[in-house]
$ cat protein-v7.cif   # mmCIF, N, CA and C atoms
data_run
#
loop_
_atom_site.label_atom_id
_atom_site.label_comp_id
_atom_site.auth_asym_id
_atom_site.auth_seq_id
_atom_site.Cartn_x
_atom_site.Cartn_y
_atom_site.Cartn_z
N MET R 1 19.49 10.65 -10.97
CA MET R 1 19.39 9.78 -9.82
C MET R 1 18.23 10.25 -8.96
N THR R 2 17.48 9.31 -8.38
CA THR R 2 16.33 9.65 -7.55
C THR R 2 16.69 9.55 -6.09
N ASP R 3 15.82 10.09 -5.26
CA ASP R 3 16.07 10.08 -3.82
C ASP R 3 15.50 8.84 -3.14
N GLY R 4 14.91 7.94 -3.91
CA GLY R 4 14.37 6.70 -3.34
C GLY R 4 12.98 6.85 -2.77
N HIS R 5 12.33 7.97 -2.98
CA HIS R 5 11.00 8.23 -2.46
C HIS R 5 9.95 7.57 -3.36
N SER R 6 8.91 7.03 -2.74
CA SER R 6 7.78 6.48 -3.47
C SER R 6 6.50 6.99 -2.84
N GLN R 7 5.47 7.14 -3.67
CA GLN R 7 4.18 7.55 -3.16
C GLN R 7 3.10 6.76 -3.89
N LEU R 8 2.19 6.18 -3.11
CA LEU R 8 1.06 5.44 -3.67
C LEU R 8 -0.21 6.19 -3.27
N ILE R 9 -0.99 6.58 -4.27
CA ILE R 9 -2.29 7.19 -4.03
C ILE R 9 -3.32 6.06 -4.14
N VAL R 10 -4.01 5.77 -3.04
CA VAL R 10 -4.93 4.63 -2.98
C VAL R 10 -6.18 4.91 -3.80
N GLU R 11 -6.51 3.94 -4.66
CA GLU R 11 -7.74 4.02 -5.45
C GLU R 11 -8.79 3.04 -4.95
N ARG R 12 -8.34 1.93 -4.41
CA ARG R 12 -9.30 0.94 -3.89
C ARG R 12 -8.63 0.07 -2.85
N VAL R 13 -9.45 -0.44 -1.95
CA VAL R 13 -8.99 -1.35 -0.90
C VAL R 13 -9.91 -2.57 -0.94
N ASP R 14 -9.31 -3.74 -1.04
CA ASP R 14 -10.07 -4.98 -1.08
C ASP R 14 -9.69 -5.86 0.10
N TYR R 15 -10.64 -6.66 0.52
CA TYR R 15 -10.46 -7.59 1.62
C TYR R 15 -10.95 -8.95 1.16
N LEU R 16 -10.14 -9.97 1.31
CA LEU R 16 -10.54 -11.32 0.92
C LEU R 16 -10.69 -12.19 2.17
N PRO R 17 -11.85 -12.76 2.39
CA PRO R 17 -12.04 -13.64 3.55
C PRO R 17 -11.03 -14.79 3.59
N SER R 18 -10.55 -15.22 2.43
CA SER R 18 -9.57 -16.31 2.39
C SER R 18 -8.18 -15.87 2.85
N ARG R 19 -7.97 -14.54 2.96
CA ARG R 19 -6.69 -14.00 3.44
C ARG R 19 -6.99 -12.90 4.46
N PRO R 20 -7.54 -13.29 5.61
CA PRO R 20 -8.08 -12.32 6.57
C PRO R 20 -7.05 -11.43 7.26
N ASP R 21 -5.78 -11.75 7.19
CA ASP R 21 -4.76 -10.96 7.87
C ASP R 21 -4.33 -9.73 7.09
N TRP R 22 -4.75 -9.61 5.83
CA TRP R 22 -4.26 -8.55 4.96
C TRP R 22 -5.38 -7.79 4.29
N ILE R 23 -5.08 -6.53 3.90
CA ILE R 23 -5.92 -5.79 2.97
C ILE R 23 -5.10 -5.59 1.70
N PHE R 24 -5.78 -5.58 0.57
CA PHE R 24 -5.16 -5.39 -0.74
C PHE R 24 -5.38 -3.94 -1.14
N VAL R 25 -4.30 -3.18 -1.23
CA VAL R 25 -4.37 -1.74 -1.46
C VAL R 25 -3.84 -1.45 -2.87
N THR R 26 -4.72 -0.95 -3.74
CA THR R 26 -4.36 -0.71 -5.13
C THR R 26 -4.40 0.78 -5.44
N GLY R 27 -3.40 1.23 -6.17
CA GLY R 27 -3.37 2.63 -6.57
C GLY R 27 -2.27 2.90 -7.58
N THR R 28 -2.02 4.19 -7.79
CA THR R 28 -0.99 4.63 -8.71
C THR R 28 0.27 4.96 -7.93
N LEU R 29 1.35 4.30 -8.30
CA LEU R 29 2.64 4.49 -7.63
C LEU R 29 3.50 5.45 -8.44
N SER R 30 4.07 6.43 -7.75
CA SER R 30 5.03 7.31 -8.40
C SER R 30 6.35 7.20 -7.65
N GLY R 31 7.43 7.51 -8.34
CA GLY R 31 8.76 7.41 -7.74
C GLY R 31 9.34 6.02 -7.94
N GLU R 32 10.13 5.60 -6.97
CA GLU R 32 10.84 4.32 -7.05
C GLU R 32 9.90 3.14 -6.80
N PRO R 33 10.23 1.96 -7.33
CA PRO R 33 9.44 0.76 -7.01
C PRO R 33 9.50 0.46 -5.51
N VAL R 34 8.45 -0.18 -5.01
CA VAL R 34 8.44 -0.60 -3.61
C VAL R 34 8.74 -2.09 -3.55
N ARG R 35 9.14 -2.54 -2.36
CA ARG R 35 9.50 -3.95 -2.17
C ARG R 35 8.86 -4.48 -0.90
N VAL R 36 8.69 -5.78 -0.85
CA VAL R 36 8.22 -6.44 0.37
C VAL R 36 9.20 -6.10 1.49
N GLY R 37 8.66 -5.72 2.63
CA GLY R 37 9.49 -5.36 3.77
C GLY R 37 9.78 -3.88 3.90
N ASP R 38 9.45 -3.08 2.86
CA ASP R 38 9.64 -1.63 2.95
C ASP R 38 8.74 -1.06 4.02
N GLU R 39 9.27 -0.13 4.80
CA GLU R 39 8.45 0.59 5.77
C GLU R 39 7.83 1.79 5.08
N VAL R 40 6.52 1.95 5.28
CA VAL R 40 5.79 3.03 4.65
C VAL R 40 5.02 3.81 5.72
N SER R 41 4.63 5.01 5.34
CA SER R 41 3.86 5.89 6.22
C SER R 41 2.51 6.14 5.57
N ILE R 42 1.44 5.86 6.31
CA ILE R 42 0.09 6.08 5.83
C ILE R 42 -0.39 7.41 6.39
N CYS R 43 -0.68 8.35 5.50
CA CYS R 43 -1.13 9.67 5.93
C CYS R 43 -2.65 9.69 5.97
N HIS R 44 -3.20 9.96 7.15
CA HIS R 44 -4.65 10.05 7.31
C HIS R 44 -4.96 11.25 8.21
N GLY R 45 -5.66 12.20 7.61
CA GLY R 45 -5.90 13.45 8.33
C GLY R 45 -4.58 14.15 8.59
N ASP R 46 -4.37 14.57 9.83
CA ASP R 46 -3.10 15.23 10.18
C ASP R 46 -2.17 14.27 10.92
N GLN R 47 -2.46 12.97 10.79
CA GLN R 47 -1.63 11.95 11.45
C GLN R 47 -0.99 11.03 10.42
N ALA R 48 0.02 10.30 10.87
CA ALA R 48 0.68 9.31 10.02
C ALA R 48 0.90 8.04 10.83
N THR R 49 0.70 6.91 10.18
CA THR R 49 0.90 5.61 10.81
C THR R 49 1.93 4.86 10.00
N SER R 50 2.92 4.28 10.67
CA SER R 50 3.96 3.50 9.98
C SER R 50 3.58 2.03 9.97
N THR R 51 3.92 1.37 8.87
CA THR R 51 3.68 -0.06 8.74
C THR R 51 4.67 -0.62 7.72
N THR R 52 4.60 -1.91 7.49
CA THR R 52 5.50 -2.59 6.56
C THR R 52 4.70 -3.26 5.46
N ILE R 53 5.19 -3.18 4.23
CA ILE R 53 4.55 -3.88 3.11
C ILE R 53 4.75 -5.38 3.30
N LYS R 54 3.65 -6.12 3.36
CA LYS R 54 3.70 -7.56 3.61
C LYS R 54 3.91 -8.36 2.33
N SER R 55 3.35 -7.89 1.23
CA SER R 55 3.47 -8.58 -0.05
C SER R 55 3.09 -7.60 -1.15
N ILE R 56 3.43 -7.95 -2.38
CA ILE R 56 3.06 -7.16 -3.55
C ILE R 56 2.42 -8.12 -4.55
N GLU R 57 1.25 -7.76 -5.03
CA GLU R 57 0.55 -8.60 -6.01
C GLU R 57 1.13 -8.36 -7.40
N ILE R 58 1.34 -9.42 -8.13
CA ILE R 58 1.88 -9.27 -9.48
C ILE R 58 0.78 -9.21 -10.53
N HIS R 59 -0.43 -9.59 -10.18
CA HIS R 59 -1.53 -9.59 -11.15
C HIS R 59 -2.36 -8.32 -11.00
N THR R 60 -1.74 -7.20 -11.27
CA THR R 60 -2.38 -5.89 -11.14
C THR R 60 -2.49 -5.25 -12.52
N ARG R 61 -3.57 -4.48 -12.73
CA ARG R 61 -3.74 -3.80 -14.02
C ARG R 61 -2.52 -2.97 -14.37
N PRO R 62 -2.21 -2.80 -15.66
CA PRO R 62 -1.08 -1.96 -16.06
C PRO R 62 -1.21 -0.55 -15.48
N GLY R 63 -0.11 -0.02 -14.98
CA GLY R 63 -0.10 1.32 -14.42
C GLY R 63 -0.55 1.39 -12.97
N LYS R 64 -0.92 0.25 -12.40
CA LYS R 64 -1.38 0.20 -11.01
C LYS R 64 -0.45 -0.71 -10.20
N THR R 65 -0.43 -0.49 -8.89
CA THR R 65 0.35 -1.31 -7.98
C THR R 65 -0.57 -1.74 -6.85
N THR R 66 -0.48 -3.02 -6.46
CA THR R 66 -1.25 -3.52 -5.33
C THR R 66 -0.28 -4.03 -4.28
N ILE R 67 -0.39 -3.45 -3.08
CA ILE R 67 0.42 -3.90 -1.95
C ILE R 67 -0.50 -4.49 -0.90
N LEU R 68 0.05 -5.38 -0.08
CA LEU R 68 -0.72 -5.97 1.00
C LEU R 68 -0.23 -5.42 2.32
N LEU R 69 -1.18 -4.96 3.13
CA LEU R 69 -0.89 -4.41 4.44
C LEU R 69 -1.70 -5.15 5.49
N ASP R 70 -1.36 -4.96 6.75
CA ASP R 70 -2.09 -5.60 7.84
C ASP R 70 -3.56 -5.19 7.81
N ALA R 71 -4.44 -6.16 8.05
CA ALA R 71 -5.88 -5.91 8.03
C ALA R 71 -6.31 -4.89 9.08
N GLY R 72 -5.57 -4.75 10.16
CA GLY R 72 -5.91 -3.78 11.19
C GLY R 72 -5.89 -2.34 10.71
N LEU R 73 -5.27 -2.10 9.55
CA LEU R 73 -5.20 -0.75 8.99
C LEU R 73 -6.42 -0.39 8.15
N ARG R 74 -7.31 -1.34 8.00
CA ARG R 74 -8.48 -1.16 7.14
C ARG R 74 -9.27 0.13 7.43
N PRO R 75 -9.46 0.52 8.70
CA PRO R 75 -10.24 1.74 8.97
C PRO R 75 -9.58 3.03 8.47
N ILE R 76 -8.25 3.05 8.32
CA ILE R 76 -7.58 4.30 7.93
C ILE R 76 -7.10 4.32 6.49
N VAL R 77 -7.13 3.18 5.80
CA VAL R 77 -6.69 3.13 4.40
C VAL R 77 -7.94 3.09 3.52
N THR R 78 -8.23 4.22 2.88
CA THR R 78 -9.41 4.34 2.04
C THR R 78 -9.01 5.00 0.72
N SER R 79 -9.93 5.08 -0.19
CA SER R 79 -9.67 5.75 -1.46
C SER R 79 -9.19 7.17 -1.19
N GLY R 80 -8.09 7.55 -1.81
CA GLY R 80 -7.52 8.88 -1.63
C GLY R 80 -6.42 8.95 -0.59
N THR R 81 -6.26 7.90 0.22
CA THR R 81 -5.19 7.87 1.21
C THR R 81 -3.85 7.91 0.50
N VAL R 82 -2.87 8.59 1.10
CA VAL R 82 -1.53 8.67 0.55
C VAL R 82 -0.60 7.80 1.39
N ILE R 83 0.15 6.93 0.71
CA ILE R 83 1.11 6.06 1.37
C ILE R 83 2.50 6.43 0.83
N ASN R 84 3.41 6.79 1.73
CA ASN R 84 4.75 7.24 1.34
C ASN R 84 5.83 6.30 1.84
N ARG R 85 6.89 6.18 1.03
CA ARG R 85 8.11 5.49 1.46
C ARG R 85 9.28 6.40 1.16
N GLN R 86 10.06 6.67 2.16
CA GLN R 86 11.29 7.44 1.98
C GLN R 86 12.44 6.48 1.73
N GLY R 87 13.31 6.81 0.81
CA GLY R 87 14.46 5.96 0.49
C GLY R 87 15.47 6.08 1.52
#

$ encode --input "protein-v7.cif" --output "structure tokens"
Amino acid sequence: MTDGHSQLIVERVDYLPSRPDWIFVTGTLSGEPVRVGDEVSICHGDQATSTTIKSIEIHTRPGKTTILLDAGLRPIVTSGTVINRQG
């Protein structure tokens, strides 16, 4: 049995002008699957910012997960950022 923890290591962040409210965050997910509405913590430097997963893309390369987050997080979500969800 798992503790419900998930961790996404960000590999890329995309922004689509046709969907300006969101950023598309793609990376490798370990642990439990994530769901729309899950609260996650974005670790940047020695700080953490909480947010909610807005959507999950289903057309992602095998072994990768793409989640959608608020576009306002764009400055702190970069390649190498760690996103955690506690169960």

$ residues_around --input "protein-v7.cif" --residues "range 12-22 of chain R" --least-positions-apart "3" --cutoff "9 Å" --atoms "only C-alpha atoms" --output "NGL selection string"
:R and (25-27 or 54 or 68-74 or 77-80)

$ write_last_selection --input "protein-v7.cif" --atoms "N, CA and C atoms" --output "PDB file, in the frame of the given file"
ATOM      1  N   VAL R  25      -4.300  -3.180  -1.230  1.00  0.00           N
ATOM      2  CA  VAL R  25      -4.370  -1.740  -1.460  1.00  0.00           C
ATOM      3  C   VAL R  25      -3.840  -1.450  -2.870  1.00  0.00           C
ATOM      4  N   THR R  26      -4.720  -0.950  -3.740  1.00  0.00           N
ATOM      5  CA  THR R  26      -4.360  -0.710  -5.130  1.00  0.00           C
ATOM      6  C   THR R  26      -4.400   0.780  -5.440  1.00  0.00           C
ATOM      7  N   GLY R  27      -3.400   1.230  -6.170  1.00  0.00           N
ATOM      8  CA  GLY R  27      -3.370   2.630  -6.570  1.00  0.00           C
ATOM      9  C   GLY R  27      -2.270   2.900  -7.580  1.00  0.00           C
ATOM     10  N   LYS R  54       3.650  -6.120   3.360  1.00  0.00           N
ATOM     11  CA  LYS R  54       3.700  -7.560   3.610  1.00  0.00           C
ATOM     12  C   LYS R  54       3.910  -8.360   2.330  1.00  0.00           C
ATOM     13  N   LEU R  68       0.050  -5.380  -0.080  1.00  0.00           N
ATOM     14  CA  LEU R  68      -0.720  -5.970   1.000  1.00  0.00           C
ATOM     15  C   LEU R  68      -0.230  -5.420   2.320  1.00  0.00           C
ATOM     16  N   LEU R  69      -1.180  -4.960   3.130  1.00  0.00           N
ATOM     17  CA  LEU R  69      -0.890  -4.410   4.440  1.00  0.00           C
ATOM     18  C   LEU R  69      -1.700  -5.150   5.490  1.00  0.00           C
ATOM     19  N   ASP R  70      -1.360  -4.960   6.750  1.00  0.00           N
ATOM     20  CA  ASP R  70      -2.090  -5.600   7.840  1.00  0.00           C
ATOM     21  C   ASP R  70      -3.560  -5.190   7.810  1.00  0.00           C
ATOM     22  N   ALA R  71      -4.440  -6.160   8.050  1.00  0.00           N
ATOM     23  CA  ALA R  71      -5.880  -5.910   8.030  1.00  0.00           C
ATOM     24  C   ALA R  71      -6.310  -4.890   9.080  1.00  0.00           C
ATOM     25  N   GLY R  72      -5.570  -4.750  10.160  1.00  0.00           N
ATOM     26  CA  GLY R  72      -5.910  -3.780  11.190  1.00  0.00           C
ATOM     27  C   GLY R  72      -5.890  -2.340  10.710  1.00  0.00           C
ATOM     28  N   LEU R  73      -5.270  -2.100   9.550  1.00  0.00           N
ATOM     29  CA  LEU R  73      -5.200  -0.750   8.990  1.00  0.00           C
ATOM     30  C   LEU R  73      -6.420  -0.390   8.150  1.00  0.00           C
ATOM     31  N   ARG R  74      -7.310  -1.340   8.000  1.00  0.00           N
ATOM     32  CA  ARG R  74      -8.480  -1.160   7.140  1.00  0.00           C
ATOM     33  C   ARG R  74      -9.270   0.130   7.430  1.00  0.00           C
ATOM     34  N   VAL R  77      -7.130   3.180   5.800  1.00  0.00           N
ATOM     35  CA  VAL R  77      -6.690   3.130   4.400  1.00  0.00           C
ATOM     36  C   VAL R  77      -7.940   3.090   3.520  1.00  0.00           C
ATOM     37  N   THR R  78      -8.230   4.220   2.880  1.00  0.00           N
ATOM     38  CA  THR R  78      -9.410   4.340   2.040  1.00  0.00           C
ATOM     39  C   THR R  78      -9.010   5.000   0.720  1.00  0.00           C
ATOM     40  N   SER R  79      -9.930   5.080  -0.190  1.00  0.00           N
ATOM     41  CA  SER R  79      -9.670   5.750  -1.460  1.00  0.00           C
ATOM     42  C   SER R  79      -9.190   7.170  -1.190  1.00  0.00           C
ATOM     43  N   GLY R  80      -8.090   7.550  -1.810  1.00  0.00           N
ATOM     44  CA  GLY R  80      -7.520   8.880  -1.630  1.00  0.00           C
ATOM     45  C   GLY R  80      -6.420   8.950  -0.590  1.00  0.00           C
TER      46      GLY R  80
END

$ resolve_selection --input "protein-v7.cif" --expression "the PyMOL selection byres ((chain R and resi 38) around 6.5)" --output "ChimeraX atom specification"
/R:35-37,39-40,51-53

$ closest_residue --input "protein-v7.cif" --among "R:Gln7, R:Ser55, R:Gln86, R:Thr49" --to "Leu29 in chain R" --atoms "all atoms listed in the file"
R:Gln7

$ closest_residue --input "protein-v7.cif" --among "R:Thr60, R:Thr28, R:Ser50, R:Asn84" --to "Glu11 in chain R" --atoms "only C-alpha atoms"
R:Thr28

$ closest_residue --input "protein-v7.cif" --among "R:Ser6, R:Thr66, R:Ser41, R:Thr81" --to "Phe24 in chain R" --atoms "all atoms listed in the file"
R:Thr66

$ atom_distance --input "protein-v7.cif" --atom1 "CA of Thr65 in chain R" --atom2 "CA of Gly45 in chain R"
22.9 Å

$ closest_residue --input "protein-v7.cif" --among "R:Ile23, R:Ile56, R:Pro75, R:Ser30" --to "Leu8 in chain R" --atoms "all atoms listed in the file"
R:Ser30

$ axis_aligned_box --input "protein-v7.cif" --around "range 78-85 of chain R" --padding-each-side "5 Å" --output "AutoDock Vina command-line options"
--center_x -0.3 --center_y 6.6 --center_z 0.5 --size_x 29.2 --size_y 14.7 --size_z 14.7

$ atom_distance --input "protein-v7.cif" --atom1 "atom C of Gln47 in chain R" --atom2 "CA of Gly63 in chain R"
26.7 Å

$ atom_distance --input "protein-v7.cif" --atom1 "CA of His59 in chain R" --atom2 "CA of Cys43 in chain R"
25.7 Å

$ residues_around --input "protein-v7.cif" --residues "Gly4 in chain R" --least-positions-apart "4" --cutoff "9 Å" --atoms "only C-alpha atoms" --output "JSON, numbers by chain"
{"R": [31, 32, 33, 85, 86, 87]}
